[in-house]
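Coordinates from my_file.pdb are shown below (PDB, C-alpha atoms, pLDDT in the B column).
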```
ATOM      1  CA  MET O   6      86.302  86.913  93.853  1.00 77.00           C
ATOM      2  CA  ILE O   7      89.500  88.746  92.907  1.00 80.00           C
ATOM      3  CA  PRO O   8      92.696  86.710  93.465  1.00 85.00           C
ATOM      4  CA  GLN O   9      94.970  88.052  96.215  1.00 79.00           C
ATOM      5  CA  ARG O  10      97.837  88.827  93.824  1.00 84.00           C
ATOM      6  CA  LYS O  11      95.598  90.870  91.544  1.00 92.00           C
ATOM      7  CA  ARG O  12      94.042  92.663  94.541  1.00 91.00           C
ATOM      8  CA  ASN O  13      97.483  93.710  95.798  1.00 92.00           C
ATOM      9  CA  GLU O  14      98.440  95.024  92.356  1.00 95.00           C
ATOM     10  CA  ILE O  15      95.260  97.148  92.329  1.00 95.00           C
ATOM     11  CA  ARG O  16      96.041  98.434  95.844  1.00 94.00           C
ATOM     12  CA  GLN O  17      99.577  99.367  94.793  1.00 95.00           C
ATOM     13  CA  ARG O  18      98.249 101.301  91.765  1.00 96.00           C
ATOM     14  CA  VAL O  19      95.811 103.177  94.004  1.00 95.00           C
ATOM     15  CA  HIS O  20      98.616 103.896  96.494  1.00 95.00           C
ATOM     16  CA  THR O  21     100.820 105.291  93.721  1.00 95.00           C
ATOM     17  CA  ARG O  22      97.963 107.545  92.644  1.00 95.00           C
ATOM     18  CA  ILE O  23      97.444 108.758  96.229  1.00 94.00           C
ATOM     19  CA  ARG O  24     101.181 109.404  96.699  1.00 93.00           C
ATOM     20  CA  ARG O  25     101.201 111.836  93.764  1.00 93.00           C
ATOM     21  CA  ARG O  26      99.205 114.231  95.926  1.00 92.00           C
ATOM     22  CA  LEU O  27     100.607 113.445  99.395  1.00 90.00           C
ATOM     23  CA  GLU O  28     104.018 114.453 100.632  1.00 91.00           C
ATOM     24  CA  GLY O  29     105.330 114.484 104.184  1.00 91.00           C
ATOM     25  CA  THR O  30     107.407 117.459 105.283  1.00 90.00           C
ATOM     26  CA  ALA O  31     109.356 118.159 108.468  1.00 89.00           C
ATOM     27  CA  GLU O  32     106.449 120.288 109.781  1.00 93.00           C
ATOM     28  CA  ARG O  33     103.748 117.850 108.680  1.00 96.00           C
ATOM     29  CA  PRO O  34     105.112 114.321 108.094  1.00 97.00           C
ATOM     30  CA  ARG O  35     103.215 111.488 106.434  1.00 97.00           C
ATOM     31  CA  LEU O  36     101.496 108.823 108.574  1.00 98.00           C
ATOM     32  CA  ASN O  37     101.798 105.692 106.431  1.00 97.00           C
ATOM     33  CA  VAL O  38      99.819 102.495 107.083  1.00 97.00           C
ATOM     34  CA  TYR O  39     100.535  98.960 105.861  1.00 97.00           C
ATOM     35  CA  ARG O  40      98.056  96.222 106.629  1.00 94.00           C
ATOM     36  CA  SER O  41      98.781  92.536 106.238  1.00 93.00           C
ATOM     37  CA  LEU O  42      96.527  89.622 107.059  1.00 91.00           C
ATOM     38  CA  ASN O  43      97.947  89.164 110.570  1.00 92.00           C
ATOM     39  CA  HIS O  44      99.559  92.505 111.424  1.00 94.00           C
ATOM     40  CA  ILE O  45      99.370  96.260 110.965  1.00 96.00           C
ATOM     41  CA  TYR O  46     102.391  98.560 110.589  1.00 96.00           C
ATOM     42  CA  VAL O  47     102.493 102.366 110.890  1.00 97.00           C
ATOM     43  CA  GLN O  48     105.279 104.864 110.200  1.00 97.00           C
ATOM     44  CA  VAL O  49     105.593 108.631 110.456  1.00 98.00           C
ATOM     45  CA  ILE O  50     107.821 109.626 107.521  1.00 97.00           C
ATOM     46  CA  ASP O  51     109.540 112.877 106.545  1.00 96.00           C
ATOM     47  CA  ASP O  52     109.661 112.591 102.746  1.00 94.00           C
ATOM     48  CA  ALA O  53     111.927 115.637 102.368  1.00 93.00           C
ATOM     49  CA  ASP O  54     114.735 113.798 104.198  1.00 93.00           C
ATOM     50  CA  GLY O  55     113.516 110.326 103.272  1.00 94.00           C
ATOM     51  CA  LYS O  56     113.598 109.214 106.905  1.00 95.00           C
ATOM     52  CA  THR O  57     111.209 107.406 109.206  1.00 97.00           C
ATOM     53  CA  ILE O  58     110.738 109.466 112.355  1.00 97.00           C
ATOM     54  CA  VAL O  59     108.720 106.977 114.441  1.00 97.00           C
ATOM     55  CA  SER O  60     107.083 103.627 113.813  1.00 97.00           C
ATOM     56  CA  ALA O  61     104.832 101.110 115.533  1.00 96.00           C
ATOM     57  CA  SER O  62     103.452  97.708 114.641  1.00 95.00           C
ATOM     58  CA  THR O  63     101.637  94.779 116.142  1.00 94.00           C
ATOM     59  CA  VAL O  64     104.769  92.688 115.597  1.00 93.00           C
ATOM     60  CA  ALA O  65     106.937  95.030 117.689  1.00 89.00           C
ATOM     61  CA  SER O  66     104.288  95.487 120.389  1.00 82.00           C
ATOM     62  CA  LYS O  67     104.054  91.714 120.971  1.00 76.00           C
ATOM     63  CA  ALA O  68     100.282  91.768 120.572  1.00 73.00           C
ATOM     64  CA  LYS O  69      98.708  88.328 120.514  1.00 74.00           C
ATOM     65  CA  THR O  70      96.941  89.183 117.300  1.00 81.00           C
ATOM     66  CA  GLY O  71      97.319  92.100 114.965  1.00 80.00           C
ATOM     67  CA  GLY O  72      94.656  91.281 112.423  1.00 88.00           C
ATOM     68  CA  ASN O  73      91.731  92.871 114.236  1.00 93.00           C
ATOM     69  CA  VAL O  74      90.226  96.289 114.967  1.00 95.00           C
ATOM     70  CA  ALA O  75      91.255  96.244 118.658  1.00 94.00           C
ATOM     71  CA  ALA O  76      94.919  95.839 117.726  1.00 95.00           C
ATOM     72  CA  ALA O  77      94.625  98.655 115.164  1.00 96.00           C
ATOM     73  CA  LYS O  78      93.237 100.978 117.858  1.00 96.00           C
ATOM     74  CA  GLU O  79      96.123 100.044 120.151  1.00 94.00           C
ATOM     75  CA  ILE O  80      98.699 100.807 117.461  1.00 96.00           C
ATOM     76  CA  GLY O  81      96.946 104.097 116.610  1.00 96.00           C
ATOM     77  CA  LYS O  82      97.280 105.261 120.222  1.00 96.00           C
ATOM     78  CA  LEU O  83     100.892 104.050 120.382  1.00 96.00           C
ATOM     79  CA  ILE O  84     101.983 105.880 117.219  1.00 97.00           C
ATOM     80  CA  ALA O  85     100.323 109.095 118.419  1.00 98.00           C
ATOM     81  CA  GLU O  86     102.148 108.899 121.764  1.00 97.00           C
ATOM     82  CA  ARG O  87     105.501 108.267 120.076  1.00 97.00           C
ATOM     83  CA  ALA O  88     104.935 111.089 117.584  1.00 97.00           C
ATOM     84  CA  LYS O  89     104.030 113.538 120.355  1.00 97.00           C
ATOM     85  CA  GLU O  90     107.242 112.574 122.209  1.00 97.00           C
ATOM     86  CA  LYS O  91     109.149 113.663 119.075  1.00 96.00           C
ATOM     87  CA  GLY O  92     107.167 116.924 118.941  1.00 96.00           C
ATOM     88  CA  ILE O  93     104.881 115.977 116.045  1.00 96.00           C
ATOM     89  CA  THR O  94     101.210 116.942 116.342  1.00 96.00           C
ATOM     90  CA  LYS O  95     100.136 117.379 112.697  1.00 97.00           C
ATOM     91  CA  VAL O  96     100.467 114.679 110.051  1.00 97.00           C
ATOM     92  CA  VAL O  97      99.192 113.818 106.575  1.00 97.00           C
ATOM     93  CA  PHE O  98      97.329 110.494 106.566  1.00 97.00           C
ATOM     94  CA  ASP O  99      98.407 108.009 103.886  1.00 97.00           C
ATOM     95  CA  ARG O 100      96.008 105.072 103.870  1.00 96.00           C
ATOM     96  CA  GLY O 101      98.320 103.062 101.621  1.00 95.00           C
ATOM     97  CA  GLY O 102      95.731 102.299  98.955  1.00 95.00           C
ATOM     98  CA  TYR O 103      93.428 100.548 101.426  1.00 96.00           C
ATOM     99  CA  LEU O 104      89.795 101.554 101.809  1.00 95.00           C
ATOM    100  CA  TYR O 105      89.173 103.904 104.739  1.00 97.00           C
ATOM    101  CA  HIS O 106      87.231 101.238 106.598  1.00 96.00           C
ATOM    102  CA  GLY O 107      87.679  98.681 109.358  1.00 96.00           C
ATOM    103  CA  ARG O 108      91.229  98.486 110.737  1.00 97.00           C
ATOM    104  CA  ILE O 109      92.456 101.543 108.813  1.00 98.00           C
ATOM    105  CA  LYS O 110      89.597 103.705 110.118  1.00 98.00           C
ATOM    106  CA  ALA O 111      90.028 102.366 113.679  1.00 98.00           C
ATOM    107  CA  LEU O 112      93.744 103.194 113.621  1.00 97.00           C
ATOM    108  CA  ALA O 113      93.094 106.716 112.287  1.00 98.00           C
ATOM    109  CA  ASP O 114      90.360 107.421 114.846  1.00 98.00           C
ATOM    110  CA  ALA O 115      92.543 106.185 117.726  1.00 98.00           C
ATOM    111  CA  ALA O 116      95.465 108.341 116.556  1.00 98.00           C
ATOM    112  CA  ARG O 117      93.158 111.382 116.378  1.00 98.00           C
ATOM    113  CA  GLU O 118      91.807 110.721 119.871  1.00 98.00           C
ATOM    114  CA  ALA O 119      95.362 110.421 121.200  1.00 97.00           C
ATOM    115  CA  GLY O 120      96.249 113.887 119.881  1.00 95.00           C
ATOM    116  CA  LEU O 121      97.387 113.713 116.242  1.00 96.00           C
ATOM    117  CA  GLU O 122      95.764 116.180 113.853  1.00 96.00           C
ATOM    118  CA  PHE O 123      94.902 115.174 110.285  1.00 94.00           C
TER
END
```
Spell out the structure here as structure tokens.
Amino acid sequence: MIPQRKRNEIRQRVHTRIRRRLEGTAERPRLNVYRSLNHIYVQVIDDADGKTIVSASTVASKAKTGGNVAAAKEIGKLIAERAKEKGITKVVFDRGGYLYHGRIKALADAAREAGLEF
């Protein structure tokens, strides 16, 4: 089993590699995901201005638990609604170095169903 510290270092290297290719613009901002053990955090970022346009997390939504697939789906719907309020329909998905599986996949699918295109 890989120690947690080492696993996070690997994830950060993968994320850096992904970020070389991804860039959020004003027309198509970046949907960034951060997953911790107990919570999930999502931001829509315009990298040209270096500003977060909208964000959502299980901490801010007062969910009882944020470390499960149901909470990820909830946050995916919430971020899509907030982005559409700001006039954003197309984004670039940044999985943050995590595997596209489980909570990350559930969040992405829920955001797509709620109207975001990526």
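Between atom CA of Thr94 of chain O and atom CA of Val49 of chain O there is a distance of 11.1 Å.
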Task: Polymer residues at most 9 Å from Ile84 of chain O, all atoms listed in the file, same-chain spacing of 5 or more positions, as a PyMOL selection string - done: chain O and resi 47-49+59-62+79+89+116+119
TODO: Enter the distance from atom CA of Arg18 of chain O to atom CA of Val64 of chain O, in Å, rounded to one decimal.
DONE: 26.2 Å
Task: Pick from O:Thr21, O:Asn37, O:Thr70, O:Asn13 nearest to Asp51 of chain O, counting only C-alpha atoms - done: O:Asn37
Task: Selection as number ranges by chain: residues within 12 Å of (88.8, 97.5, 113.9), counting all atoms listed in the file - done: O: 40, 45, 71-81, 105-115
Open item on the list: Nearest residue to Val96 of chain O out of O:Arg26, O:Lys67, O:Arg33, O:Lys82, using all atoms listed in the file?
Closed with: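 The answer is O:Arg33, which sits nearest to Val96 of chain O.
With only C-alpha atoms as the atoms that count, the minimum distance from Gln9 of chain O to the choices O:Leu36, O:Ser41, O:Ser66, O:Leu27 is reached by O:Ser41.
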For segment 59-88 of chain O, where the input has fewer atoms than it should, I would like N, CA and C atoms rebuilt and written as a PDB file, keeping the file's coordinate frame.
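As written to disk, out-v3.pdb reads:
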```
ATOM      1  N   VAL O  59     109.157 107.966 113.445  1.00 97.00           N
ATOM      2  CA  VAL O  59     108.720 106.977 114.441  1.00 97.00           C
ATOM      3  C   VAL O  59     107.934 105.886 113.734  1.00 97.00           C
ATOM      4  N   SER O  60     107.858 104.729 114.377  1.00 97.00           N
ATOM      5  CA  SER O  60     107.083 103.627 113.813  1.00 97.00           C
ATOM      6  C   SER O  60     106.488 102.802 114.942  1.00 97.00           C
ATOM      7  N   ALA O  61     105.469 102.026 114.590  1.00 96.00           N
ATOM      8  CA  ALA O  61     104.832 101.110 115.533  1.00 96.00           C
ATOM      9  C   ALA O  61     104.190  99.988 114.722  1.00 96.00           C
ATOM     10  N   SER O  62     104.120  98.824 115.307  1.00 95.00           N
ATOM     11  CA  SER O  62     103.452  97.708 114.641  1.00 95.00           C
ATOM     12  C   SER O  62     102.997  96.695 115.673  1.00 95.00           C
ATOM     13  N   THR O  63     102.099  95.825 115.244  1.00 94.00           N
ATOM     14  CA  THR O  63     101.637  94.779 116.142  1.00 94.00           C
ATOM     15  C   THR O  63     102.722  93.729 116.351  1.00 94.00           C
ATOM     16  N   VAL O  64     103.657  93.627 115.436  1.00 93.00           N
ATOM     17  CA  VAL O  64     104.769  92.688 115.597  1.00 93.00           C
ATOM     18  C   VAL O  64     105.689  93.167 116.721  1.00 93.00           C
ATOM     19  N   ALA O  65     106.028  94.462 116.695  1.00 89.00           N
ATOM     20  CA  ALA O  65     106.937  95.030 117.689  1.00 89.00           C
ATOM     21  C   ALA O  65     106.284  95.149 119.063  1.00 89.00           C
ATOM     22  N   SER O  66     104.956  95.305 119.101  1.00 82.00           N
ATOM     23  CA  SER O  66     104.288  95.487 120.389  1.00 82.00           C
ATOM     24  C   SER O  66     103.956  94.158 121.065  1.00 82.00           C
ATOM     25  N   LYS O  67     104.286  93.056 120.427  1.00 76.00           N
ATOM     26  CA  LYS O  67     104.054  91.714 120.971  1.00 76.00           C
ATOM     27  C   LYS O  67     102.578  91.447 121.257  1.00 76.00           C
ATOM     28  N   ALA O  68     101.713  92.018 120.433  1.00 73.00           N
ATOM     29  CA  ALA O  68     100.282  91.768 120.572  1.00 73.00           C
ATOM     30  C   ALA O  68      99.999  90.324 120.174  1.00 73.00           C
ATOM     31  N   LYS O  69      99.033  89.721 120.830  1.00 74.00           N
ATOM     32  CA  LYS O  69      98.708  88.328 120.514  1.00 74.00           C
ATOM     33  C   LYS O  69      98.207  88.199 119.086  1.00 74.00           C
ATOM     34  N   THR O  70      97.406  89.178 118.677  1.00 81.00           N
ATOM     35  CA  THR O  70      96.941  89.183 117.300  1.00 81.00           C
ATOM     36  C   THR O  70      96.966  90.612 116.784  1.00 81.00           C
ATOM     37  N   GLY O  71      97.264  90.769 115.537  1.00 80.00           N
ATOM     38  CA  GLY O  71      97.319  92.100 114.965  1.00 80.00           C
ATOM     39  C   GLY O  71      96.327  92.276 113.848  1.00 80.00           C
ATOM     40  N   GLY O  72      95.575  91.246 113.546  1.00 88.00           N
ATOM     41  CA  GLY O  72      94.656  91.281 112.423  1.00 88.00           C
ATOM     42  C   GLY O  72      93.250  91.674 112.797  1.00 88.00           C
ATOM     43  N   ASN O  73      93.085  92.466 113.864  1.00 93.00           N
ATOM     44  CA  ASN O  73      91.731  92.871 114.236  1.00 93.00           C
ATOM     45  C   ASN O  73      91.665  94.360 114.562  1.00 93.00           C
ATOM     46  N   VAL O  74      90.459  94.870 114.742  1.00 95.00           N
ATOM     47  CA  VAL O  74      90.226  96.289 114.967  1.00 95.00           C
ATOM     48  C   VAL O  74      90.808  96.733 116.308  1.00 95.00           C
ATOM     49  N   ALA O  75      90.727  95.886 117.331  1.00 94.00           N
ATOM     50  CA  ALA O  75      91.255  96.244 118.658  1.00 94.00           C
ATOM     51  C   ALA O  75      92.755  96.491 118.597  1.00 94.00           C
ATOM     52  N   ALA O  76      93.476  95.666 117.867  1.00 95.00           N
ATOM     53  CA  ALA O  76      94.919  95.839 117.726  1.00 95.00           C
ATOM     54  C   ALA O  76      95.229  97.119 116.950  1.00 95.00           C
ATOM     55  N   ALA O  77      94.421  97.439 115.949  1.00 96.00           N
ATOM     56  CA  ALA O  77      94.625  98.655 115.164  1.00 96.00           C
ATOM     57  C   ALA O  77      94.444  99.890 116.046  1.00 96.00           C
ATOM     58  N   LYS O  78      93.452  99.864 116.932  1.00 96.00           N
ATOM     59  CA  LYS O  78      93.237 100.978 117.858  1.00 96.00           C
ATOM     60  C   LYS O  78      94.436 101.142 118.784  1.00 96.00           C
ATOM     61  N   GLU O  79      94.952 100.033 119.264  1.00 94.00           N
ATOM     62  CA  GLU O  79      96.123 100.044 120.151  1.00 94.00           C
ATOM     63  C   GLU O  79      97.325 100.681 119.451  1.00 94.00           C
ATOM     64  N   ILE O  80      97.562 100.288 118.223  1.00 96.00           N
ATOM     65  CA  ILE O  80      98.699 100.807 117.461  1.00 96.00           C
ATOM     66  C   ILE O  80      98.487 102.281 117.126  1.00 96.00           C
ATOM     67  N   GLY O  81      97.248 102.689 116.865  1.00 96.00           N
ATOM     68  CA  GLY O  81      96.946 104.097 116.610  1.00 96.00           C
ATOM     69  C   GLY O  81      97.296 104.969 117.805  1.00 96.00           C
ATOM     70  N   LYS O  82      96.944 104.513 118.999  1.00 96.00           N
ATOM     71  CA  LYS O  82      97.280 105.261 120.222  1.00 96.00           C
ATOM     72  C   LYS O  82      98.790 105.299 120.422  1.00 96.00           C
ATOM     73  N   LEU O  83      99.446 104.158 120.183  1.00 96.00           N
ATOM     74  CA  LEU O  83     100.892 104.050 120.382  1.00 96.00           C
ATOM     75  C   LEU O  83     101.661 104.978 119.442  1.00 96.00           C
ATOM     76  N   ILE O  84     101.269 105.019 118.172  1.00 97.00           N
ATOM     77  CA  ILE O  84     101.983 105.880 117.219  1.00 97.00           C
ATOM     78  C   ILE O  84     101.775 107.344 117.553  1.00 97.00           C
ATOM     79  N   ALA O  85     100.584 107.705 118.032  1.00 98.00           N
ATOM     80  CA  ALA O  85     100.323 109.095 118.419  1.00 98.00           C
ATOM     81  C   ALA O  85     101.183 109.495 119.614  1.00 98.00           C
ATOM     82  N   GLU O  86     101.312 108.612 120.589  1.00 97.00           N
ATOM     83  CA  GLU O  86     102.148 108.899 121.764  1.00 97.00           C
ATOM     84  C   GLU O  86     103.607 109.081 121.360  1.00 97.00           C
ATOM     85  N   ARG O  87     104.103 108.180 120.511  1.00 97.00           N
ATOM     86  CA  ARG O  87     105.501 108.267 120.076  1.00 97.00           C
ATOM     87  C   ARG O  87     105.749 109.516 119.239  1.00 97.00           C
ATOM     88  N   ALA O  88     104.787 109.887 118.411  1.00 97.00           N
ATOM     89  CA  ALA O  88     104.935 111.089 117.584  1.00 97.00           C
ATOM     90  C   ALA O  88     104.939 112.334 118.462  1.00 97.00           C
TER      91      ALA O  88
END
```
